[in-house]
Structure formats: structure tokens, C-alpha cells
Amino acid sequence: MVNNLKINKIKFEYLLKNIKPVEQTEDKQEITVDIDELTIDEKYKPYLKHFIKKTNANFNFRNSNEILRTLKINKLKKSKSKKYGATGYYNFYNNKIKIYIIDTIYHELFHAFTYHKTAENYFCGFNQGNDHLDIANSLDEGYTDLLTKRYFGIEINYMLEANIVSKIELMLGKEKMQSMYTSNDLMGLI
Ligand SMILES: [Zn+2]
């Protein structure tokens with residue numbers, strides 16, 4: 001137990017040193033990309049439009065147009081879904097969402113729309129990292145699920161994480177926390 005605590009303390013200090021601030025999101029970016037013109041499968045377009053409609057007033061996603069222009073959405077095979085133990089995922093290296101269960105699309109779209117990259121680091125909501133480390137992934141999953149439930153009524157999977165994050169949000173306020181999420185402000189959060 002004591003050993004564990006020591007290790008956690010070292011780990012925590014190491015992580016704190018490595019957390020990078022990221023520049024704040026600029027003025028609201030209007031979505032100019034026409035969803036109907038995108039090459040993604042037609043069946044996903046109504047979900048994409050619904051996501052944008054529901055989030056537009058409350059979120060200032062920093063790279064909406066760039067993300068939309070290259071976004072790919074494909075079906076995840078049942079066997080792969082079982083293998084990964086996931087009903088969907090977002091791969092930011094190729095800006096691709098793969099989903100087995102359609103409802104998962106909103107959670108993955110939050111990941112896609114909160115992705116940001118700098119020369120040294122990647123940022124995805126509150127999650128950030130580089131080739132060597134990955135920070136605050138659980139926190140990001142919890143908050144992403146909390147938002148997916150709030151805006152789209154989808155059941156929470158990351159229950160423990162969402163519970164913890166909801167308490168942080170209670171202290172900060174919804175508006176502030178959502179704004180920190182879109183501007184990848186993990187630094188401000190801790
Ligand atoms: Zn996720």
C-alpha cells in the first residue's frame with residue numbers, strides 16, 4: 001500500500017511536469033463545410049448533422065471544418081468489436097471513426113471534434129500526450145460520456161470516470177468545464 005502510494009506520487013509528479021498548456025480556442029468557428037458534399041456513407045450524415053445542431057450553441061470546437069473535410073466513418077466488425085471490447089473508437093492519426101453500434105457515434109464525434117495537434121503533442125478533449133506518454137485519458141472518457149448522455153441521451157459506459165468528472169464540473173460550472181474541454185485545457189483543470 002505504502003509502496004503503491006509512493007509510486008503513484010512519483011508518477012503524479014512526473015505527469016504534472018509533462019502536462020502541456022495549449023493556446024486557447026479563438027473566436028467561434030462557423031461550420032462552412034456542407035455535410036451533404038462529404039464522401040462519408042449517407043447513412044451517417046443525419047447523425048453528423050444532429051451532432052452539429054445539438055452542440056453548435058454550447059461548444060466552440062477549434063478545428064470543425066478541417067475535421068469534417070477529412071473525417072471517415074466506417075462500420076466496425078462484430079468480431080473486432082468483441083476483440084477490442086468496444087462498440088466504437090476514434091483514431092485521430094487518420095481521423096477515422098469506426099462504430100459497431102450506431103449510438104456510439106456521438107461519443108466518438110466528441111473525440112473527433114476536440115482533437116488538436118501541435119508539433120510535440122496531441123490533444124483530445126482533456127486527454128493529451130505524445131509518443132512517450134498519454135495523460136488524463138480516463139478523465140476525458142468520463143467527461144465525453146457525460147456530455148454524450150447530456151446532449152444525446154446515450155447511456156454512460158465509463159460510469160466511475162463520469163461520476164468523478166461530474167463532481168469536478170459541479171465545482172467549476174457546466175459552461176466553464178465545457179469550454180475547457182473544447183480548448184483542451186487540462187492545465188487549467190488541475
Ligand atoms: Zn472514448
# chains A, B, ... in the order shown; residues from 1 in each chain; ligands from 1
$ residues_around --residues "Phe126 (chain A)" --least-positions-apart "3" --cutoff "7 Å" --atoms "only C-alpha atoms" --output "PyMOL selection string"
chain A and resi 136+139-140+181+184-186
$ write_last_selection --atoms "N, CA and C atoms" --output "PDB file, in the first residue's frame"
ATOM      1  N   ALA A 136      -4.410  11.667 -18.729  1.00  0.00           N
ATOM      2  CA  ALA A 136      -5.818  12.027 -18.476  1.00  0.00           C
ATOM      3  C   ALA A 136      -6.814  11.399 -19.438  1.00  0.00           C
ATOM      4  N   LEU A 139     -10.134  10.623 -17.557  1.00  0.00           N
ATOM      5  CA  LEU A 139     -10.864  11.859 -17.305  1.00  0.00           C
ATOM      6  C   LEU A 139     -11.606  12.289 -18.572  1.00  0.00           C
ATOM      7  N   ASP A 140     -10.907  12.181 -19.689  1.00  0.00           N
ATOM      8  CA  ASP A 140     -11.508  12.568 -20.961  1.00  0.00           C
ATOM      9  C   ASP A 140     -12.667  11.644 -21.335  1.00  0.00           C
ATOM     10  N   TYR A 181     -12.940  21.843 -21.999  1.00  0.00           N
ATOM     11  CA  TYR A 181     -12.892  20.587 -22.775  1.00  0.00           C
ATOM     12  C   TYR A 181     -12.612  20.878 -24.248  1.00  0.00           C
ATOM     13  N   ASN A 184      -9.056  22.098 -24.776  1.00  0.00           N
ATOM     14  CA  ASN A 184      -8.031  21.141 -24.321  1.00  0.00           C
ATOM     15  C   ASN A 184      -7.260  21.667 -23.122  1.00  0.00           C
ATOM     16  N   ASP A 185      -7.984  22.319 -22.209  1.00  0.00           N
ATOM     17  CA  ASP A 185      -7.320  22.993 -21.111  1.00  0.00           C
ATOM     18  C   ASP A 185      -7.201  22.110 -19.856  1.00  0.00           C
ATOM     19  N   LEU A 186      -6.425  21.055 -19.966  1.00  0.00           N
ATOM     20  CA  LEU A 186      -6.193  20.166 -18.822  1.00  0.00           C
ATOM     21  C   LEU A 186      -5.433  20.918 -17.741  1.00  0.00           C
TER      22      LEU A 186
END
$ residues_near_ligand --ligand "ligand 1" --cutoff "8 Å" --atoms "only C-alpha atoms and all ligand atoms" --output "list in words"
Tyr89, Tyr90, His107, Glu108, His111, Asp140, Glu141, Thr144 and Asp145 of chain A
$ write_last_selection --atoms "N, CA and C atoms" --output "PDB file, in the first residue's frame"
ATOM      1  N   TYR A  89     -14.627   3.345 -31.869  1.00  0.00           N
ATOM      2  CA  TYR A  89     -13.446   4.103 -31.440  1.00  0.00           C
ATOM      3  C   TYR A  89     -13.124   5.188 -32.466  1.00  0.00           C
ATOM      4  N   TYR A  90     -12.317   6.127 -32.023  1.00  0.00           N
ATOM      5  CA  TYR A  90     -11.865   7.191 -32.923  1.00  0.00           C
ATOM      6  C   TYR A  90     -10.352   7.122 -33.022  1.00  0.00           C
ATOM      7  N   HIS A 107     -20.416   9.842 -29.036  1.00  0.00           N
ATOM      8  CA  HIS A 107     -19.230   9.825 -28.169  1.00  0.00           C
ATOM      9  C   HIS A 107     -17.965  10.003 -29.037  1.00  0.00           C
ATOM     10  N   GLU A 108     -17.904   9.264 -30.125  1.00  0.00           N
ATOM     11  CA  GLU A 108     -16.713   9.319 -30.987  1.00  0.00           C
ATOM     12  C   GLU A 108     -16.610  10.670 -31.696  1.00  0.00           C
ATOM     13  N   HIS A 111     -14.904  13.081 -29.513  1.00  0.00           N
ATOM     14  CA  HIS A 111     -13.440  12.885 -29.589  1.00  0.00           C
ATOM     15  C   HIS A 111     -12.885  13.570 -30.845  1.00  0.00           C
ATOM     16  N   ASP A 140     -10.907  12.181 -19.689  1.00  0.00           N
ATOM     17  CA  ASP A 140     -11.508  12.568 -20.961  1.00  0.00           C
ATOM     18  C   ASP A 140     -12.667  11.644 -21.335  1.00  0.00           C
ATOM     19  N   GLU A 141     -12.478  10.338 -21.134  1.00  0.00           N
ATOM     20  CA  GLU A 141     -13.551   9.383 -21.462  1.00  0.00           C
ATOM     21  C   GLU A 141     -14.778   9.645 -20.585  1.00  0.00           C
ATOM     22  N   THR A 144     -16.451  12.876 -21.771  1.00  0.00           N
ATOM     23  CA  THR A 144     -17.054  12.658 -23.094  1.00  0.00           C
ATOM     24  C   THR A 144     -18.370  11.895 -22.945  1.00  0.00           C
ATOM     25  N   ASP A 145     -18.368  10.910 -22.074  1.00  0.00           N
ATOM     26  CA  ASP A 145     -19.587  10.127 -21.836  1.00  0.00           C
ATOM     27  C   ASP A 145     -20.665  10.968 -21.145  1.00  0.00           C
TER      28      ASP A 145
END
$ closest_residue --among "A:Ile19, A:Phe61, A:Asp36, A:Asp41" --to "Phe110 (chain A)" --atoms "only C-alpha atoms"
A:Phe61
$ residues_around --residues "region 129-133 of chain A" --least-positions-apart "6" --cutoff "10 Å" --atoms "only C-alpha atoms" --output "list in words"
Leu15, Asn18, Ile19, Lys20, Lys117, Thr118, Ala119, Glu120, Asn121, Tyr122 and Phe123 of chain A
$ select_by_dssp --residues "chain A" --states "alpha helix (DSSP H)" --output "VMD selection string"
chain A and resid 2 to 18 45 to 55 64 to 70 78 to 84 105 to 113 137 to 152 159 to 172 174 to 182 186 to 189
$ closest_residue --among "A:Lys174, A:Lys98, A:Lys77, A:Lys167" --to "Arg150 (chain A)" --atoms "only C-alpha atoms"
A:Lys174
$ residues_around --residues "Ile156 (chain A)" --least-positions-apart "6" --cutoff "8 Å" --atoms "only C-alpha atoms" --output "ChimeraX atom specification"
/A:145-146,148-149,162
$ closest_residue --among "A:Met177, A:Tyr151, A:Gly188, A:Leu38" --to "Thr55 (chain A)" --atoms "only C-alpha atoms"
A:Tyr151
